[in-house]
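Undergrad: I am sharing work_13.cif, which consists of mmCIF, C-alpha atoms and all ligand atoms:
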data_start
loop_
_atom_site.label_atom_id
_atom_site.label_comp_id
_atom_site.auth_asym_id
_atom_site.auth_seq_id
_atom_site.Cartn_x
_atom_site.Cartn_y
_atom_site.Cartn_z
CA MET A 192 -24.16 -14.96 -14.28
CA LYS A 193 -23.59 -11.28 -13.67
CA ALA A 194 -21.20 -9.32 -11.46
CA LYS A 195 -21.39 -5.79 -10.15
CA ALA A 196 -18.59 -3.31 -10.64
CA ALA A 197 -18.06 0.31 -9.67
CA VAL A 198 -17.37 2.31 -12.83
CA PHE A 199 -15.22 5.43 -12.54
CA LEU A 200 -16.75 8.25 -14.60
CA GLY A 201 -14.12 10.93 -14.09
CA ALA A 202 -12.85 13.14 -11.28
CA ASN A 203 -15.30 14.04 -8.53
CA LYS A 204 -18.20 12.20 -10.23
CA PRO A 205 -20.07 9.50 -8.32
CA PHE A 206 -19.17 5.95 -9.34
CA ASP A 207 -21.79 4.17 -11.41
CA VAL A 208 -22.56 0.65 -10.15
CA ARG A 209 -23.11 -1.51 -13.24
CA GLU A 210 -23.75 -5.19 -13.83
CA PHE A 211 -21.48 -7.00 -16.26
CA GLU A 212 -21.96 -10.39 -17.88
CA VAL A 213 -19.44 -12.91 -16.52
CA THR A 214 -17.92 -14.40 -19.68
CA GLY A 215 -15.34 -17.10 -20.34
CA THR A 216 -11.84 -16.70 -18.93
CA PRO A 217 -9.19 -15.70 -21.51
CA LYS A 218 -6.19 -17.99 -21.98
CA GLY A 219 -3.50 -17.31 -19.41
CA TYR A 220 -5.94 -15.52 -17.10
CA GLY A 221 -7.62 -16.46 -13.85
CA ARG A 222 -11.13 -15.48 -12.85
CA SER A 223 -11.50 -14.69 -9.17
CA GLU A 224 -14.47 -13.88 -6.99
CA LEU A 225 -14.14 -10.87 -4.73
CA ILE A 226 -13.14 -11.36 -1.10
CA ALA A 227 -12.05 -7.77 -0.42
CA SER A 228 -10.69 -4.94 -2.54
CA GLY A 229 -8.99 -2.02 -0.84
CA ILE A 230 -9.49 1.65 -1.60
CA CYS A 231 -5.97 3.04 -1.82
CA GLY A 232 -4.82 6.60 -1.20
CA THR A 233 -3.89 6.51 -4.89
CA ASP A 234 -7.52 5.85 -5.81
CA ILE A 235 -8.56 8.87 -3.78
CA HIS A 236 -5.99 10.95 -5.68
CA ILE A 237 -7.50 9.61 -8.93
CA PHE A 238 -11.01 10.42 -7.72
CA LYS A 239 -9.97 13.97 -6.82
CA GLY A 240 -8.36 14.41 -10.24
CA LYS A 241 -4.79 14.59 -8.90
CA LEU A 242 -3.73 11.55 -10.94
CA ASP A 243 -4.91 11.03 -14.51
CA MET A 244 -6.94 7.96 -15.34
CA PRO A 245 -8.94 7.24 -18.50
CA PHE A 246 -12.67 6.71 -17.98
CA PRO A 247 -15.15 5.07 -17.99
CA SER A 248 -13.04 2.43 -16.26
CA ILE A 249 -12.91 0.08 -13.31
CA ILE A 250 -10.17 1.36 -11.05
CA GLY A 251 -8.78 -0.38 -7.97
CA HIS A 252 -5.53 -2.29 -7.72
CA GLU A 253 -5.86 -4.11 -4.39
CA PHE A 254 -8.07 -7.03 -5.38
CA VAL A 255 -8.08 -10.08 -3.14
CA GLY A 256 -10.27 -12.97 -4.23
CA ARG A 257 -10.78 -16.68 -4.64
CA LEU A 258 -9.57 -18.20 -7.88
CA VAL A 259 -12.58 -19.93 -9.45
CA ASP A 260 -11.80 -20.42 -13.13
CA CYS A 261 -8.64 -20.94 -15.21
CA ASP A 262 -6.69 -23.61 -17.06
CA PRO A 263 -5.52 -25.86 -14.18
CA GLU A 264 -2.23 -26.70 -15.94
CA GLU A 265 -1.44 -23.02 -16.54
CA ALA A 266 -2.35 -22.32 -12.91
CA ALA A 267 -0.01 -25.05 -11.64
CA LYS A 268 2.86 -23.48 -13.59
CA ASN A 269 2.27 -20.34 -11.53
CA GLY A 270 1.99 -22.23 -8.24
CA LEU A 271 -1.79 -21.86 -8.16
CA ALA A 272 -4.87 -24.08 -8.05
CA ILE A 273 -8.59 -23.40 -8.36
CA GLY A 274 -9.95 -22.55 -4.92
CA ASP A 275 -6.82 -20.66 -3.82
CA ASN A 276 -7.16 -17.27 -2.23
CA VAL A 277 -5.07 -14.82 -4.23
CA ILE A 278 -3.80 -11.26 -4.37
CA ALA A 279 -3.84 -9.68 -7.83
CA ASP A 280 -0.68 -7.66 -8.48
CA ILE A 281 -1.40 -5.26 -11.35
CA ALA A 282 2.22 -4.43 -12.25
CA VAL A 283 3.65 -5.72 -15.54
CA PRO A 284 7.25 -4.52 -15.87
CA CYS A 285 8.76 -4.84 -19.35
CA GLY A 286 11.77 -6.93 -18.34
CA LYS A 287 13.92 -5.15 -20.93
CA CYS A 288 14.57 -1.57 -19.87
CA LEU A 289 17.59 -0.37 -17.91
CA LEU A 290 15.66 -0.50 -14.62
CA CYS A 291 14.33 -4.03 -15.21
CA ARG A 292 17.76 -5.28 -16.28
CA THR A 293 19.39 -3.91 -13.13
CA GLY A 294 16.99 -5.34 -10.55
CA ASP A 295 14.67 -2.35 -10.28
CA ASP A 296 11.59 -3.67 -12.08
CA ALA A 297 9.34 -1.84 -9.59
CA ASN A 298 10.39 1.31 -11.40
CA CYS A 299 10.26 -0.04 -14.95
CA VAL A 300 10.03 2.87 -17.38
CA ASN A 301 7.61 0.95 -19.63
CA MET A 302 5.37 -0.29 -16.83
CA GLN A 303 2.04 -1.75 -17.95
CA VAL A 304 -0.87 -2.66 -15.69
CA THR A 305 -3.38 -5.49 -15.73
CA ASN A 306 -6.35 -3.33 -14.72
CA GLY A 307 -6.14 -0.80 -17.55
CA GLU A 308 -8.13 -2.69 -20.22
CA SER A 309 -11.31 -1.18 -21.60
CA ILE A 310 -14.60 -2.02 -19.93
CA GLU A 311 -16.07 -2.34 -23.44
CA LYS A 312 -13.90 -5.36 -24.20
CA PRO A 313 -14.85 -8.80 -22.81
CA PRO A 314 -14.31 -10.00 -20.15
CA TYR A 315 -14.65 -6.35 -18.97
CA LEU A 316 -13.70 -6.91 -15.34
CA TYR A 317 -9.96 -6.23 -15.07
CA GLY A 318 -10.09 -3.64 -12.27
CA GLY A 319 -10.30 -4.09 -8.53
CA TYR A 320 -13.67 -2.55 -7.73
CA ALA A 321 -15.73 -5.48 -8.92
CA GLU A 322 -17.29 -8.69 -7.66
CA VAL A 323 -15.34 -10.64 -10.26
CA ASN A 324 -11.83 -9.98 -11.56
CA TYR A 325 -9.73 -11.27 -14.45
CA THR A 326 -5.96 -11.11 -13.99
CA PRO A 327 -3.12 -12.94 -15.78
CA LEU A 328 -2.17 -16.01 -13.73
CA SER A 329 1.41 -14.74 -13.65
CA ASN A 330 0.13 -11.72 -11.65
CA LEU A 331 -1.79 -13.74 -9.06
CA ILE A 332 -0.04 -14.60 -5.82
CA LYS A 333 -1.42 -17.33 -3.57
CA ILE A 334 -2.35 -16.29 -0.06
CA PRO A 335 -0.92 -19.00 2.22
CA GLU A 336 -3.30 -21.46 3.87
CA GLY A 337 -4.17 -20.28 7.35
CA VAL A 338 -3.99 -16.57 6.51
CA ASN A 339 -7.39 -14.87 6.66
CA PRO A 340 -7.73 -13.39 3.15
CA ARG A 341 -9.70 -10.40 4.45
CA ALA A 342 -6.83 -9.61 6.82
CA ALA A 343 -4.35 -10.02 3.94
CA ALA A 344 -6.40 -7.48 1.96
CA ILE A 345 -5.99 -4.74 4.59
CA PHE A 346 -2.34 -4.06 3.71
CA GLY A 347 -2.43 -5.69 0.26
CA CYS A 348 -0.77 -2.63 -1.29
CA PRO A 349 0.59 -0.66 1.71
CA GLY A 350 2.41 -3.80 2.91
CA PRO A 351 4.48 -4.41 -0.25
CA THR A 352 4.98 -0.63 -0.56
CA VAL A 353 6.68 -0.48 2.85
CA ILE A 354 8.60 -3.71 2.30
CA HIS A 355 9.95 -2.41 -1.00
CA SER A 356 11.15 0.85 0.52
CA ALA A 357 12.87 -1.11 3.34
CA ARG A 358 14.44 -3.33 0.68
CA LEU A 359 15.84 -0.25 -1.04
CA ALA A 360 17.40 0.83 2.27
CA GLY A 361 19.12 -2.56 2.41
CA ARG A 362 20.35 -2.15 -1.14
CA ALA A 363 21.78 1.22 -0.16
CA GLY A 364 23.76 -0.52 2.57
CA PHE A 365 21.56 0.39 5.54
CA GLU A 366 20.59 -2.55 7.71
CA ILE A 367 17.36 -2.00 9.67
CA GLY A 368 17.65 -3.91 12.94
CA LYS A 369 18.31 -3.94 16.65
CA ASP A 370 20.47 -0.81 16.60
CA THR A 371 17.94 1.28 14.70
CA VAL A 372 15.90 4.10 16.20
CA ALA A 373 13.10 4.67 13.72
CA VAL A 374 10.34 7.20 13.12
CA VAL A 375 7.22 6.63 11.05
CA GLN A 376 5.44 9.78 9.87
CA GLY A 377 1.76 9.37 9.02
CA LEU A 378 -0.71 7.01 10.62
CA GLY A 379 -2.69 5.83 7.60
CA PRO A 380 -2.42 2.30 6.17
CA VAL A 381 1.19 2.75 4.97
CA GLY A 382 2.21 4.20 8.35
CA CYS A 383 0.39 1.46 10.26
CA PHE A 384 2.06 -1.29 8.29
CA ALA A 385 5.43 0.45 8.53
CA VAL A 386 5.13 0.36 12.32
CA ALA A 387 4.30 -3.36 12.31
CA TYR A 388 7.05 -4.17 9.84
CA LEU A 389 9.84 -2.12 11.40
CA LYS A 390 9.00 -3.64 14.77
CA ALA A 391 9.19 -7.10 13.23
CA LEU A 392 12.63 -6.20 11.86
CA GLY A 393 13.63 -5.71 15.48
CA VAL A 394 14.24 -1.96 15.70
CA LYS A 395 15.42 -0.73 19.07
CA LYS A 396 12.92 2.10 19.42
CA LEU A 397 10.00 3.11 17.26
CA PHE A 398 8.16 6.44 17.22
CA ALA A 399 5.01 7.11 15.19
CA ILE A 400 3.96 10.68 14.42
CA GLY A 401 0.53 11.77 13.25
CA ALA A 402 -0.77 15.22 12.42
CA ARG A 403 -3.79 15.09 14.69
CA GLU A 404 -4.28 13.68 18.16
CA ASN A 405 -6.10 10.37 17.77
CA PRO A 406 -6.13 8.22 20.93
CA ALA A 407 -7.88 5.27 19.25
CA ARG A 408 -5.30 5.19 16.45
CA ALA A 409 -2.47 5.58 18.97
CA LYS A 410 -3.71 2.54 20.86
CA LEU A 411 -3.74 0.49 17.66
CA LEU A 412 -0.25 1.63 16.72
CA LYS A 413 1.05 0.55 20.09
CA LYS A 414 -0.49 -2.87 19.51
CA LEU A 415 1.28 -2.98 16.15
CA GLY A 416 4.62 -2.14 17.77
CA ALA A 417 5.06 1.63 18.26
CA ASP A 418 6.87 2.53 21.49
CA GLU A 419 5.55 6.06 21.45
CA VAL A 420 2.87 7.82 19.39
CA LEU A 421 3.18 11.60 19.01
CA SER A 422 0.96 14.16 17.33
CA ILE A 423 1.92 17.50 15.81
CA GLU A 424 -1.40 18.87 17.12
CA LYS A 425 -0.79 18.03 20.78
CA ASP A 426 2.99 17.79 21.13
CA GLY A 427 3.99 20.46 18.62
CA GLU A 428 6.68 20.17 15.95
CA GLU A 429 9.37 21.89 18.02
CA ASN A 430 8.94 19.61 21.03
CA ILE A 431 8.87 16.54 18.82
CA THR A 432 12.06 17.66 17.09
CA ALA A 433 13.81 18.29 20.41
CA LYS A 434 12.68 14.94 21.77
CA LEU A 435 13.82 12.93 18.75
CA LEU A 436 17.16 14.73 18.61
CA LYS A 437 17.92 13.28 22.05
CA GLU A 438 18.14 9.79 20.54
CA ASN A 439 21.50 8.18 19.86
CA GLY A 440 23.16 10.25 22.56
CA GLY A 441 21.94 13.52 21.07
CA LEU A 442 22.55 12.77 17.38
CA GLY A 443 18.97 12.12 16.33
CA VAL A 444 17.22 9.09 14.83
CA ASP A 445 18.68 6.61 12.36
CA LEU A 446 15.69 6.16 10.08
CA CYS A 447 12.57 8.05 9.09
CA LEU A 448 9.81 6.62 6.93
CA GLU A 449 7.50 9.25 5.43
CA ALA A 450 3.96 7.92 5.01
CA SER A 451 1.87 11.04 5.64
CA GLY A 452 1.88 12.52 2.14
CA ALA A 453 2.15 15.98 3.68
CA PRO A 454 4.99 17.93 2.02
CA SER A 455 5.74 19.69 5.33
CA ALA A 456 6.56 16.35 6.95
CA ILE A 457 9.82 16.29 4.99
CA THR A 458 11.34 19.18 6.94
CA LEU A 459 10.60 17.50 10.26
CA GLY A 460 12.14 14.25 9.05
CA MET A 461 15.30 16.00 7.83
CA ASN A 462 15.66 17.82 11.13
CA VAL A 463 15.37 14.76 13.38
CA LEU A 464 17.64 12.43 11.41
CA ARG A 465 21.19 11.91 12.63
CA ASN A 466 24.24 12.43 10.45
CA ARG A 467 24.12 9.84 7.64
CA GLY A 468 20.52 9.05 8.62
CA VAL A 469 18.25 7.38 6.08
CA TYR A 470 15.00 8.91 4.88
CA LEU A 471 12.62 6.48 3.19
CA ILE A 472 9.92 8.31 1.26
CA PRO A 473 7.20 6.07 -0.18
CA GLY A 474 4.36 8.32 0.97
CA GLN A 475 4.39 11.43 -1.24
CA TYR A 476 2.11 9.93 -3.84
CA SER A 477 0.67 12.98 -5.56
CA ASN A 478 1.38 16.65 -5.99
CA SER A 479 0.24 18.17 -2.71
CA GLY A 480 2.12 21.40 -3.23
CA SER A 481 5.69 22.43 -2.54
CA ILE A 482 7.63 23.51 0.51
CA SER A 483 10.97 25.20 0.87
CA ILE A 484 13.63 23.08 2.52
CA PRO A 485 17.09 24.00 3.78
CA PRO A 486 19.17 21.83 1.40
CA GLU A 487 22.39 22.42 3.33
CA ILE A 488 21.02 20.01 5.95
CA ILE A 489 21.22 17.25 3.34
CA THR A 490 24.87 18.10 2.75
CA PHE A 491 26.02 18.77 6.29
CA LYS A 492 24.24 15.74 7.76
CA ALA A 493 25.18 13.69 4.69
CA LEU A 494 21.61 12.37 4.62
CA ARG A 495 20.49 9.49 2.46
CA PHE A 496 17.12 10.12 0.78
CA ILE A 497 15.46 7.05 -0.73
CA GLY A 498 12.26 7.50 -2.69
CA SER A 499 10.10 4.48 -3.44
CA SER A 500 6.93 4.47 -5.48
CA GLN A 501 6.01 0.95 -6.61
CA TYR A 502 6.84 -2.59 -5.59
CA SER A 503 7.82 -5.90 -7.13
CA ILE A 504 6.02 -9.22 -6.99
CA ILE A 505 8.67 -10.42 -4.51
CA ASP A 506 7.50 -7.71 -2.09
CA VAL A 507 3.95 -9.10 -2.28
CA ARG A 508 5.31 -12.57 -1.50
CA ASP A 509 7.30 -11.19 1.44
CA TYR A 510 4.20 -9.39 2.68
CA LEU A 511 2.20 -12.63 2.61
CA GLU A 512 5.03 -14.39 4.44
CA PHE A 513 4.83 -11.65 7.07
CA MET A 514 1.09 -12.29 7.43
CA ARG A 515 1.69 -16.06 7.65
CA THR A 516 4.31 -15.79 10.36
CA ARG A 517 2.62 -13.00 12.33
CA LYS A 518 -0.72 -14.65 13.07
CA ASP A 519 -0.53 -12.86 16.42
CA LEU A 520 -1.22 -9.56 14.61
CA GLU A 521 -4.00 -10.84 12.37
CA GLU A 522 -6.90 -9.83 14.58
CA THR A 523 -5.52 -6.32 15.13
CA ILE A 524 -4.87 -5.91 11.41
CA LEU A 525 -8.37 -7.12 10.56
CA SER A 526 -9.81 -4.59 13.01
CA LEU A 527 -8.31 -1.78 10.87
CA GLY A 528 -10.68 -2.57 7.98
CA THR A 529 -14.11 -1.09 7.34
CA PHE A 530 -16.01 -3.05 4.70
CA TYR A 531 -18.67 -1.87 2.20
CA THR A 532 -20.41 -3.72 -0.62
CA VAL A 533 -19.52 -2.78 -4.21
CA SER A 534 -22.99 -1.21 -4.48
CA ASP A 535 -22.05 1.10 -1.59
CA VAL A 536 -18.90 2.35 -3.31
CA ASN A 537 -19.90 6.02 -3.12
CA LYS A 538 -20.49 5.83 0.63
CA ALA A 539 -17.20 3.96 0.97
CA PHE A 540 -15.38 6.76 -0.89
CA SER A 541 -16.98 9.58 1.03
CA ASP A 542 -16.15 7.89 4.35
CA ALA A 543 -12.60 7.17 3.18
CA MET A 544 -12.12 10.79 2.11
CA ALA A 545 -13.54 12.05 5.40
CA GLY A 546 -10.87 10.01 7.20
CA LYS A 547 -13.46 7.93 9.04
CA ASN A 548 -11.67 4.62 8.46
CA VAL A 549 -8.09 3.42 8.74
CA LYS A 550 -8.61 1.22 5.68
CA THR A 551 -11.69 1.12 3.48
CA LEU A 552 -12.45 -2.00 1.47
CA LEU A 553 -15.14 -3.27 -0.88
CA VAL A 554 -16.62 -6.72 -0.42
CA LYS A 555 -19.38 -8.74 -2.08
ZN ZN A 601 -2.56 0.91 -3.47
ZN ZN A 602 11.26 -2.31 -17.71
#
Kindly present the structure from the file in structure tokens form.
Ligand SMILES: [Zn+2]
Ligand SMILES: [Zn+2]

TA:
Amino acid sequence: MKAKAAVFLGANKPFDVREFEVTGTPKGYGRSELIASGICGTDIHIFKGKLDMPFPSIIGHEFVGRLVDCDPEEAAKNGLAIGDNVIADIAVPCGKCLLCRTGDDANCVNMQVTNGESIEKPPYLYGGYAEVNYTPLSNLIKIPEGVNPRAAAIFGCPGPTVIHSARLAGRAGFEIGKDTVAVVQGLGPVGCFAVAYLKALGVKKLFAIGARENPARAKLLKKLGADEVLSIEKDGEENITAKLLKENGGLGVDLCLEASGAPSAITLGMNVLRNRGVYLIPGQYSNSGSISIPPEIITFKALRFIGSSQYSIIDVRDYLEFMRTRKDLEETILSLGTFYTVSDVNKAFSDAMAGKNVKTLLVK
């Protein structure tokens, strides 16, 4: 048996679609067959050379598949059985460093990943962009019965990313709930999930802001829970700022979540937050240049900035619980995906980079 995989050959080079022999499953690992594997913004940064990655390699960290081969006893210890639909979480925190010991394993300083093994070494297929994937059983999370695994793949990484940043707000003493007026900046996958999630947390009012006017996306965001969708292009930054500063009796909004990746978004967020407002920033995932900010706003408004870059396995579980309990959103979420075969990876990447899709995924 053979399986296709998209091999990364370095920045800005087309992926090479190669066939690999499907070998035996190493002890402690599960072999899964591809259901859908998302192309993340991070992968686009890697492709553009903004994030370093050794090559040749199989990148991709959003693999969703069906578990087909493993030691059943080992699987049971991890709450799994052959035939389960699973999400592969690539993060392997060390468990020993200061961050791991203090409940912050998402930011382990010795973080290892399950998809970084060499493609020369059997069983070769550790990365996400492949028809078959090998991941340690301890890094596979069962997708609950009744949840469409393709739908679960749409926000497989953006979902836990948002949930983790919201968790950090909670740890900083900020409760997101019925008294919260929230703003989501950026209407990509992280922004879309943030809208759905914040709405589910019961926020009082929810604004979503995109750079460009996009009526189709605005309609989707309203379905996911946005009360109002604004665009910098049509509404203008000044008007948006004035509008949002009217919230809370003229104080501004309680919470901003930055998911656009545009450095300039930060100034807008700072300006519209109320005194002691919370700024969650999971979206600035590569060096997109610098901006000058007026730091006295941070002091005078006593703002709380919370960065968030990775997530923990518990966030993946919470994401899947969200998908299980919000079946009403499943069809809308599924409609956000555009699917390409692994062989079509280069078309998938060029469409993703051209912004043609909300979420681009590879399937068999
Ligand atoms: Zn990702
Ligand atoms: Zn650690």

Undergrad: With distances taken over all atoms listed in the file, which of A:Gly337, A:Pro284, A:Gly498, A:Gly361 is nearest to ligand ZN 602 (chain A)?

TA: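 Under the stated criterion, the closest residue is A:Pro284.
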
Undergrad: Write out as a count of residues only the residues lying within 6 Å of region 461-477 of chain A, counting all atoms listed in the file and excluding same-chain residues fewer than 4 positions away.

TA: 23

Undergrad: Using only C-alpha atoms, which residues sit within 8 Å of region 266-280 of chain A once same-chain residues fewer than 5 positions away are excluded, as a VMD selection string?

TA: chain A and resid 221 252 to 261 326 328 to 335 340 344 347 504 507

Undergrad: Just give me the gap between CA of Val533 (chain A) and CA of Leu200 (chain A) in Å, one decimal is fine.

TA: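 According to the coordinates, CA of Val533 (chain A) and CA of Leu200 (chain A) are separated by 15.4 Å.
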
Undergrad: Taking all atoms listed in the file into account, which residues are within 9 Å of ligand ZN 601 (chain A), as a PDB file with C-alpha atoms, in the frame of the given file?

TA:
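Final output, saved to pocket03.pdb:
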ATOM      1  CA  GLY A 229      -8.990  -2.020  -0.840  1.00  0.00           C
ATOM      2  CA  ILE A 230      -9.490   1.650  -1.600  1.00  0.00           C
ATOM      3  CA  CYS A 231      -5.970   3.040  -1.820  1.00  0.00           C
ATOM      4  CA  GLY A 232      -4.820   6.600  -1.200  1.00  0.00           C
ATOM      5  CA  THR A 233      -3.890   6.510  -4.890  1.00  0.00           C
ATOM      6  CA  ASP A 234      -7.520   5.850  -5.810  1.00  0.00           C
ATOM      7  CA  GLY A 251      -8.780  -0.380  -7.970  1.00  0.00           C
ATOM      8  CA  HIS A 252      -5.530  -2.290  -7.720  1.00  0.00           C
ATOM      9  CA  GLU A 253      -5.860  -4.110  -4.390  1.00  0.00           C
ATOM     10  CA  PHE A 346      -2.340  -4.060   3.710  1.00  0.00           C
ATOM     11  CA  GLY A 347      -2.430  -5.690   0.260  1.00  0.00           C
ATOM     12  CA  CYS A 348      -0.770  -2.630  -1.290  1.00  0.00           C
ATOM     13  CA  PRO A 349       0.590  -0.660   1.710  1.00  0.00           C
ATOM     14  CA  THR A 352       4.980  -0.630  -0.560  1.00  0.00           C
TER      15      THR A 352
END

Undergrad: Do you know which residues are within 9 Å of ligand ZN 602 (chain A) using all atoms listed in the file? Can you write them as a ChimeraX atom specification?

TA: /A:283-292,295-302

Undergrad: Could you jot down the CA of Val323 (chain A) to CA of Lys195 (chain A) separation for me, Å, one decimal place?

TA: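 Going from CA of Val323 (chain A) over to CA of Lys195 (chain A) covers 7.8 Å.
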
Undergrad: Grab the CA of Ser455 (chain A) to CA of Ala387 (chain A) distance for me, in Å with one decimal place.

TA: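 Taking CA of Ser455 (chain A) and CA of Ala387 (chain A), their separation equals 24.1 Å.
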
Undergrad: Taking only C-alpha atoms into account, name the residue in A:Leu225, A:Ile431, A:Ile235, A:Leu520 that is nearest to Cys383 (chain A).

TA: A:Leu520

Undergrad: Find the residues around region 403-415 of chain A up to 7 Å (all atoms listed in the file counted), leave out those fewer than 4 positions away in its own chain, and share them as a PDB file with C-alpha atoms, in the frame of the given file.

TA:
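That gives us selection-v7.pdb:
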ATOM      1  CA  CYS A 383       0.390   1.460  10.260  1.00  0.00           C
ATOM      2  CA  VAL A 386       5.130   0.360  12.320  1.00  0.00           C
ATOM      3  CA  ALA A 387       4.300  -3.360  12.310  1.00  0.00           C
ATOM      4  CA  VAL A 420       2.870   7.820  19.390  1.00  0.00           C
ATOM      5  CA  SER A 422       0.960  14.160  17.330  1.00  0.00           C
ATOM      6  CA  ILE A 423       1.920  17.500  15.810  1.00  0.00           C
ATOM      7  CA  GLU A 424      -1.400  18.870  17.120  1.00  0.00           C
ATOM      8  CA  LYS A 425      -0.790  18.030  20.780  1.00  0.00           C
TER       9      LYS A 425
END

Undergrad: So, counting only C-alpha atoms, which residue among A:Gln501, A:Ser223, A:Thr371, A:Ser356 is closest to Pro327 (chain A)?

TA: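 Nearest to Pro327 (chain A): A:Ser223.
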
Undergrad: Please list as a list of chain:residue names every residue within 12 Å of Lys312 (chain A), counting all atoms listed in the file and excluding residues in the same chain fewer than 6 positions away.

TA: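 Residues near the query, excluding close chain neighbours: A:Phe211, A:Glu212, A:Thr214, A:Pro217, A:Ser248.
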
Undergrad: For Val372 (chain A), which of A:Glu438, A:Glu522, A:Glu264, A:Glu311 is the closest residue, counting only C-alpha atoms?

TA: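 Of A:Glu438, A:Glu522, A:Glu264, A:Glu311, the one nearest Val372 (chain A) is A:Glu438, counting only C-alpha atoms.
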
Undergrad: Out of A:Leu459, A:Ala539, A:Tyr502, A:Asn439, which residue has the shortest atom-to-atom distance to Gly427 (chain A) when counting all atoms listed in the file?

TA: A:Leu459

Undergrad: Point out the residue among A:Lys369, A:Lys193, A:Lys241, A:Arg515 with the least atom-to-atom distance to Leu397 (chain A), counting all atoms listed in the file.

TA: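 Among the listed residues, the smallest separation from Leu397 (chain A) belongs to A:Lys369.
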
Undergrad: Considering all atoms listed in the file, return as a PyMOL selection string whatever protein or nucleic-acid residues lie within 10 Å of Asn203 (chain A), sequence-local ones (same chain, fewer than 2 positions apart) excluded.

TA: chain A and resi 199-201+205-206+235+237-240

Undergrad: Just C-alpha atoms for this one: save the residues we selected as an mmCIF file, in the coordinates of the input.

TA:
data_model
loop_
_atom_site.group_PDB
_atom_site.id
_atom_site.type_symbol
_atom_site.label_atom_id
_atom_site.label_comp_id
_atom_site.auth_asym_id
_atom_site.auth_seq_id
_atom_site.Cartn_x
_atom_site.Cartn_y
_atom_site.Cartn_z
ATOM 1 C CA PHE A 199 -15.220 5.430 -12.540
ATOM 2 C CA LEU A 200 -16.750 8.250 -14.600
ATOM 3 C CA GLY A 201 -14.120 10.930 -14.090
ATOM 4 C CA PRO A 205 -20.070 9.500 -8.320
ATOM 5 C CA PHE A 206 -19.170 5.950 -9.340
ATOM 6 C CA ILE A 235 -8.560 8.870 -3.780
ATOM 7 C CA ILE A 237 -7.500 9.610 -8.930
ATOM 8 C CA PHE A 238 -11.010 10.420 -7.720
ATOM 9 C CA LYS A 239 -9.970 13.970 -6.820
ATOM 10 C CA GLY A 240 -8.360 14.410 -10.240
#
